[in-house]
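Trainee: query_15.cif is the file, holding mmCIF, C-alpha atoms and all ligand atoms:
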data_final
loop_
_atom_site.group_PDB
_atom_site.id
_atom_site.type_symbol
_atom_site.label_atom_id
_atom_site.label_comp_id
_atom_site.auth_asym_id
_atom_site.auth_seq_id
_atom_site.Cartn_x
_atom_site.Cartn_y
_atom_site.Cartn_z
ATOM 1 C CA MET A 35 4.350 -78.003 -4.242
ATOM 2 C CA ARG A 36 6.295 -74.910 -3.359
ATOM 3 C CA PHE A 37 6.559 -74.206 -7.021
ATOM 4 C CA VAL A 38 2.775 -74.121 -7.369
ATOM 5 C CA PHE A 39 2.503 -71.626 -4.512
ATOM 6 C CA LEU A 40 5.062 -69.493 -6.244
ATOM 7 C CA ILE A 41 3.122 -69.521 -9.518
ATOM 8 C CA VAL A 42 -0.135 -68.690 -7.733
ATOM 9 C CA GLY A 43 1.590 -65.938 -5.816
ATOM 10 C CA VAL A 44 3.016 -64.369 -8.946
ATOM 11 C CA ALA A 45 -0.362 -64.636 -10.665
ATOM 12 C CA ILE A 46 -2.075 -62.847 -7.792
ATOM 13 C CA ILE A 47 0.486 -60.056 -7.795
ATOM 14 C CA LEU A 48 0.210 -59.665 -11.554
ATOM 15 C CA THR A 49 -3.596 -59.526 -11.452
ATOM 16 C CA ALA A 50 -3.532 -56.982 -8.655
ATOM 17 C CA GLY A 51 -0.973 -54.951 -10.578
ATOM 18 C CA VAL A 52 -3.022 -54.934 -13.758
ATOM 19 C CA ALA A 53 -6.190 -54.087 -11.825
ATOM 20 C CA TRP A 54 -4.430 -51.165 -10.148
ATOM 21 C CA PHE A 55 -3.059 -49.944 -13.451
ATOM 22 C CA VAL A 56 -6.426 -50.125 -15.194
ATOM 23 C CA SER A 57 -8.263 -48.391 -12.347
ATOM 24 C CA ARG A 58 -5.603 -45.692 -12.279
ATOM 25 C CA GLU A 59 -6.084 -45.152 -16.012
ATOM 26 C CA ASP A 60 -9.834 -44.926 -15.513
ATOM 27 C CA GLY A 61 -9.388 -42.447 -12.730
ATOM 28 C CA SER A 62 -7.212 -40.149 -14.760
ATOM 29 C CA ARG A 63 -9.713 -40.253 -17.585
ATOM 30 C CA THR A 64 -12.715 -39.282 -15.493
ATOM 31 C CA MET A 65 -10.785 -36.852 -13.336
ATOM 32 C CA GLY A 66 -9.086 -35.178 -16.293
ATOM 33 C CA LYS A 67 -8.923 -31.400 -16.633
ATOM 34 C CA PRO A 68 -12.346 -29.790 -16.573
ATOM 35 C CA GLU A 69 -13.334 -28.063 -19.803
ATOM 36 C CA LEU A 70 -12.329 -24.400 -19.669
ATOM 37 C CA SER A 71 -14.683 -21.726 -20.941
ATOM 38 C CA SER A 72 -13.655 -19.495 -23.810
ATOM 39 C CA ALA A 73 -12.961 -16.566 -21.479
ATOM 40 C CA GLU A 74 -10.862 -18.775 -19.226
ATOM 41 C CA ARG A 75 -8.768 -19.896 -22.163
ATOM 42 C CA GLY A 76 -8.527 -16.276 -23.287
ATOM 43 C CA LYS A 77 -6.817 -15.400 -20.046
ATOM 44 C CA PHE A 78 -3.837 -17.423 -21.199
ATOM 45 C CA VAL A 79 -3.868 -15.759 -24.612
ATOM 46 C CA PHE A 80 -3.897 -12.351 -22.910
ATOM 47 C CA ARG A 81 -0.521 -13.171 -21.374
ATOM 48 C CA ARG A 82 0.955 -12.234 -24.741
ATOM 49 C CA CYS A 83 -0.491 -8.730 -24.420
ATOM 50 C CA GLN A 84 0.160 -8.211 -20.716
ATOM 51 C CA ALA A 85 3.688 -6.881 -21.059
ATOM 52 C CA CYS A 86 2.299 -3.873 -22.929
ATOM 53 C CA HIS A 87 -1.387 -3.613 -22.041
ATOM 54 C CA ALA A 88 -3.381 -3.364 -18.837
ATOM 55 C CA ILE A 89 -7.048 -4.253 -18.593
ATOM 56 C CA GLY A 90 -9.523 -3.607 -15.819
ATOM 57 C CA GLU A 91 -8.057 -0.222 -14.993
ATOM 58 C CA ASN A 92 -7.179 2.806 -17.030
ATOM 59 C CA LYS A 93 -3.495 2.256 -16.802
ATOM 60 C CA LYS A 94 -1.048 3.144 -19.528
ATOM 61 C CA LEU A 95 1.878 0.797 -20.128
ATOM 62 C CA THR A 96 3.829 0.720 -23.398
ATOM 63 C CA GLY A 97 0.460 0.336 -25.053
ATOM 64 C CA PRO A 98 -2.832 2.048 -24.222
ATOM 65 C CA SER A 99 -5.183 0.520 -21.662
ATOM 66 C CA LEU A 100 -7.544 -2.068 -23.089
ATOM 67 C CA ALA A 101 -10.209 -1.318 -20.494
ATOM 68 C CA GLY A 102 -13.356 -0.645 -22.503
ATOM 69 C CA VAL A 103 -11.584 -1.191 -25.815
ATOM 70 C CA ILE A 104 -14.450 -3.111 -27.431
ATOM 71 C CA ASN A 105 -16.800 -0.708 -29.260
ATOM 72 C CA ARG A 106 -14.385 2.162 -28.670
ATOM 73 C CA PRO A 107 -13.075 4.220 -31.595
ATOM 74 C CA SER A 108 -9.455 3.397 -32.447
ATOM 75 C CA GLY A 109 -6.748 5.732 -31.192
ATOM 76 C CA SER A 110 -9.085 7.527 -28.822
ATOM 77 C CA ILE A 111 -7.457 7.387 -25.385
ATOM 78 C CA GLU A 112 -6.624 10.914 -24.359
ATOM 79 C CA GLY A 113 -3.075 11.454 -23.281
ATOM 80 C CA TYR A 114 -1.762 8.361 -25.024
ATOM 81 C CA ARG A 115 0.720 9.109 -27.825
ATOM 82 C CA TYR A 116 -0.372 6.907 -30.696
ATOM 83 C CA SER A 117 1.721 6.448 -33.817
ATOM 84 C CA ASN A 118 0.622 8.595 -36.755
ATOM 85 C CA ALA A 119 -0.690 5.435 -38.395
ATOM 86 C CA MET A 120 -2.906 4.507 -35.456
ATOM 87 C CA ALA A 121 -4.003 8.095 -34.955
ATOM 88 C CA ALA A 122 -5.077 8.252 -38.599
ATOM 89 C CA LEU A 123 -6.980 4.969 -38.431
ATOM 90 C CA SER A 124 -10.669 5.441 -37.990
ATOM 91 C CA VAL A 125 -12.442 2.251 -37.012
ATOM 92 C CA ILE A 126 -14.529 1.077 -34.115
ATOM 93 C CA TRP A 127 -12.802 -1.779 -32.314
ATOM 94 C CA ASP A 128 -15.361 -4.561 -32.566
ATOM 95 C CA GLU A 129 -15.102 -8.289 -33.109
ATOM 96 C CA LYS A 130 -14.388 -7.897 -36.800
ATOM 97 C CA THR A 131 -11.794 -5.111 -36.673
ATOM 98 C CA LEU A 132 -10.051 -6.529 -33.599
ATOM 99 C CA THR A 133 -9.851 -9.962 -35.239
ATOM 100 C CA GLU A 134 -8.285 -8.481 -38.363
ATOM 101 C CA PHE A 135 -5.925 -6.247 -36.399
ATOM 102 C CA LEU A 136 -4.791 -8.961 -33.997
ATOM 103 C CA THR A 137 -4.252 -11.492 -36.786
ATOM 104 C CA LYS A 138 -1.653 -9.229 -38.407
ATOM 105 C CA PRO A 139 -1.303 -5.863 -36.665
ATOM 106 C CA ARG A 140 1.154 -4.426 -39.160
ATOM 107 C CA ALA A 141 -0.955 -5.419 -42.149
ATOM 108 C CA PHE A 142 -4.100 -3.846 -40.688
ATOM 109 C CA VAL A 143 -2.322 -0.687 -39.505
ATOM 110 C CA PRO A 144 0.860 -0.252 -41.565
ATOM 111 C CA GLY A 145 3.246 1.843 -39.496
ATOM 112 C CA THR A 146 1.767 0.953 -36.095
ATOM 113 C CA LYS A 147 4.214 0.995 -33.226
ATOM 114 C CA MET A 148 2.608 -2.059 -31.672
ATOM 115 C CA GLY A 149 5.461 -4.541 -31.695
ATOM 116 C CA PHE A 150 3.436 -7.712 -31.893
ATOM 117 C CA GLY A 151 3.503 -10.285 -34.691
ATOM 118 C CA GLY A 152 -0.105 -11.395 -34.464
ATOM 119 C CA ILE A 153 -2.196 -14.379 -33.443
ATOM 120 C CA LYS A 154 -2.614 -17.006 -36.129
ATOM 121 C CA LYS A 155 -5.389 -19.116 -34.606
ATOM 122 C CA PRO A 156 -8.901 -17.612 -34.947
ATOM 123 C CA GLN A 157 -10.017 -19.628 -31.902
ATOM 124 C CA GLU A 158 -7.387 -17.932 -29.758
ATOM 125 C CA ILE A 159 -8.580 -14.498 -30.837
ATOM 126 C CA GLN A 160 -12.180 -15.456 -30.018
ATOM 127 C CA ASP A 161 -11.106 -16.672 -26.589
ATOM 128 C CA LEU A 162 -9.117 -13.498 -26.043
ATOM 129 C CA LEU A 163 -12.125 -11.334 -26.918
ATOM 130 C CA ALA A 164 -14.327 -13.366 -24.567
ATOM 131 C CA TYR A 165 -11.773 -12.718 -21.837
ATOM 132 C CA LEU A 166 -11.659 -8.987 -22.596
ATOM 133 C CA VAL A 167 -15.455 -8.795 -22.396
ATOM 134 C CA ALA A 168 -15.428 -10.649 -19.063
ATOM 135 C CA GLU A 169 -12.739 -8.333 -17.662
ATOM 136 C CA GLY A 170 -14.401 -5.015 -18.403
ATOM 137 C CA GLY A 171 -13.234 -4.683 -21.980
ATOM 138 C CA LEU A 172 -16.632 -3.518 -23.233
ATOM 139 C CA HIS A 173 -16.864 0.191 -23.921
ATOM 140 C CA ASP A 174 -19.419 1.946 -21.770
ATOM 141 C CA ALA A 175 -20.630 4.600 -24.164
ATOM 142 C CA GLU A 176 -22.627 6.478 -21.539
ATOM 143 C CA ALA A 177 -19.794 6.757 -19.068
ATOM 144 C CA THR A 178 -17.436 8.433 -21.517
ATOM 145 C CA GLN A 179 -19.766 10.686 -23.472
HETATM 146 C C1 LIG B 201 5.244 -5.084 -27.390
HETATM 147 C C2 LIG B 201 4.111 -4.373 -26.847
HETATM 148 C C3 LIG B 201 2.719 -4.796 -27.254
HETATM 149 C C4 LIG B 201 2.159 -6.048 -27.247
HETATM 150 C C5 LIG B 201 2.819 -7.360 -26.889
HETATM 151 C C6 LIG B 201 0.780 -5.879 -27.641
HETATM 152 N N1 LIG B 201 0.523 -4.554 -27.887
HETATM 153 FE FE1 LIG B 201 -1.232 -3.748 -28.455
HETATM 154 N N2 LIG B 201 -0.397 -1.932 -28.634
HETATM 155 C C7 LIG B 201 0.914 -1.624 -28.316
HETATM 156 C C8 LIG B 201 1.193 -0.246 -28.674
HETATM 157 C C9 LIG B 201 2.531 0.470 -28.490
HETATM 158 C C10 LIG B 201 -0.005 0.265 -29.218
HETATM 159 C C11 LIG B 201 -0.210 1.655 -29.829
HETATM 160 C C12 LIG B 201 0.001 1.449 -31.317
HETATM 161 C C13 LIG B 201 0.173 2.698 -32.142
HETATM 162 O O1 LIG B 201 -0.019 3.807 -31.643
HETATM 163 O O2 LIG B 201 0.499 2.518 -33.335
HETATM 164 C C14 LIG B 201 -0.978 -0.798 -29.160
HETATM 165 C C15 LIG B 201 -2.303 -0.691 -29.596
HETATM 166 C C16 LIG B 201 -3.267 -1.658 -29.431
HETATM 167 C C17 LIG B 201 -4.671 -1.487 -29.711
HETATM 168 C C18 LIG B 201 -5.355 -0.216 -30.207
HETATM 169 C C19 LIG B 201 -5.836 0.521 -28.971
HETATM 170 C C20 LIG B 201 -6.500 1.852 -29.244
HETATM 171 O O3 LIG B 201 -6.695 2.591 -28.240
HETATM 172 O O4 LIG B 201 -6.861 2.154 -30.378
HETATM 173 C C21 LIG B 201 -5.291 -2.649 -29.400
HETATM 174 C C22 LIG B 201 -6.761 -2.984 -29.518
HETATM 175 C C23 LIG B 201 -4.254 -3.571 -28.948
HETATM 176 N N3 LIG B 201 -3.054 -2.945 -28.970
HETATM 177 C C24 LIG B 201 -4.499 -4.858 -28.522
HETATM 178 C C25 LIG B 201 -3.493 -5.775 -28.185
HETATM 179 C C26 LIG B 201 -3.733 -7.144 -27.810
HETATM 180 C C27 LIG B 201 -5.103 -7.765 -27.637
HETATM 181 C C28 LIG B 201 -2.512 -7.725 -27.626
HETATM 182 C C29 LIG B 201 -2.203 -9.180 -27.292
HETATM 183 C C30 LIG B 201 -2.718 -10.166 -28.170
HETATM 184 C C31 LIG B 201 -1.500 -6.710 -27.853
HETATM 185 N N4 LIG B 201 -2.132 -5.549 -28.190
HETATM 186 C C32 LIG B 201 -0.140 -6.909 -27.722
HETATM 187 C C33 LIG B 201 1.841 -2.490 -27.771
HETATM 188 C C34 LIG B 201 1.671 -3.870 -27.654
#
How does the structure come out when it is put into C-alpha cells?
Ligand code: HEC
Mentor:
Amino acid sequence: MRFVFLIVGVAIILTAGVAWFVSREDGSRTMGKPELSSAERGKFVFRRCQACHAIGENKKLTGPSLAGVINRPSGSIEGYRYSNAMAALSVIWDEKTLTEFLTKPRAFVPGTKMGFGGIKKPQEIQDLLAYLVAEGGLHDAEATQ
C-alpha cells in the first residue's frame, strides 16, 4: 500500500514539474525580446563609430562630427583637417554613397585616414543610417547656407 502512495506521489511531482517547465517555456516565448526598430538596432552599430565620431552635436573627435552628415557634401566641415584623398572627393553623402563608403572605406576613398575596415552586412548599414537620421544626422541645408 505504501508503495502505491509512493508511485502516486512521484507521478504528481513529475506532472507538476513538467507543467511548470512547459509553462515556463511558453512564458519565455511570449515574453521574448520585443522587436527593435531599424534605428534602435542602428544604435548598436554606431558603437563601432563612436570612438572617432560624435553625433548630435558639432563635436570633433578623431573624425569629423556626423551631425547633419546625410545630404552634406563630403569633406566639408570647416576647421577639420581631412586627408588629401577625402578633401579631393566630391560626393554628397546620401544613402548610396554612404553605403558604398561604409562597406569598404579604403576602396571608396583610397588614401582616407579613416581607420575603419568597413561593415559587411547591408542590413547593418541600413540600420545605422536610420539611427543617424533619428539622431539629427540629416543635413539642414537652410541652416548652413
Ligand atoms: C578609427 C576612427 C574611425 C572610426 C572607427 C570611424 N571613422 Fe569615420 N572617419 C574617421 C576619420 C579620421 C575621418 C576623416 C577621413 C579623411 O579625412 O580621410 C572619417 C570620415 C568619415 C566620414 C566623412 C565625413 C565628411 O565630413 O566628409 C563619414 C561619413 C564617416 N567617417 C562615417 C563613419 C561611420 C558611420 C563609422 C562607423 C561605422 C565610422 N566613420 C568609423 C575616423 C573613423
Trainee: Using all atoms listed in the file, find the one residue out of A:Lys93, A:Lys147, A:Arg81, A:His173 that sits nearest to ligand LIG 201 (chain B).
Mentor: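 Ranking A:Lys93, A:Lys147, A:Arg81, A:His173 by distance to ligand LIG 201 (chain B), first place goes to A:Lys147.
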Trainee: Give as an NGL selection string the residues surrounding ligand LIG 201 (chain B) up to a distance of 6 Å, considering all atoms listed in the file.
Mentor: :A and (80 or 82-83 or 85-86 or 96-98 or 108-111 or 116-117 or 119-120 or 146-150)
Trainee: Which residues, written as a ChimeraX atom specification, have at least one atom at most 12 Å from Arg75 (chain A), with only C-alpha atoms counted and residues fewer than 4 positions away on the same chain left out?
Mentor: /A:68-71,79-81,157-166,168
Trainee: Between CA of Arg115 (chain A) and CA of Lys94 (chain A), measure the distance and give it in Å to one decimal.
Mentor: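 Taking CA of Arg115 (chain A) as the start and CA of Lys94 (chain A) as the end point, the length is 10.4 Å.
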Trainee: Is there a way to get, as a list in words, all residues within 9 Å of the point (-1.1, -8.0, -38.4) in file coordinates, counting all atoms listed in the file?
Mentor: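 Result, sorted by chain then residue number: Glu134, Phe135, Leu136, Thr137, Lys138, Pro139, Arg140, Ala141, Phe142, Val143, Pro144, Phe150, Gly151, Gly152 and Ile153 of chain A.
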Trainee: For CA of Gly90 (chain A) and CA of Asn118 (chain A), determine how far apart the two atoms are, in Å to one decimal place.
Mentor: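 Rounded to one decimal, the two atoms are 26.3 Å apart.
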Trainee: Between CA of Gly113 (chain A) and CA of Phe78 (chain A), what distance in Å does the model show, to one decimal?
Mentor: 29.0 Å
Trainee: Using all atoms listed in the file, can you tell me which of A:Ala73, A:Leu172, A:Leu132, A:Ala122 comes closest to Ala101 (chain A)?
Mentor: A:Leu172
Trainee: Compare A:Ile104, A:Lys155, A:Glu112, A:Ile89 by their minimum atom-to-atom distance to Thr131 (chain A), counting all atoms listed in the file, and give me the closest one.
Mentor: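 Distance minimum relative to Thr131 (chain A) lands on A:Ile104.
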Trainee: The centre and edge lengths of an axis-aligned box containing all atoms of region 122-138 of chain A present in the file, extended by 8 Å on each side, are to be given in Å to one decimal, as AutoDock Vina command-line options.
Mentor:
--center_x -8.5 --center_y -1.6 --center_z -35.5 --size_x 29.7 --size_y 35.7 --size_z 22.3
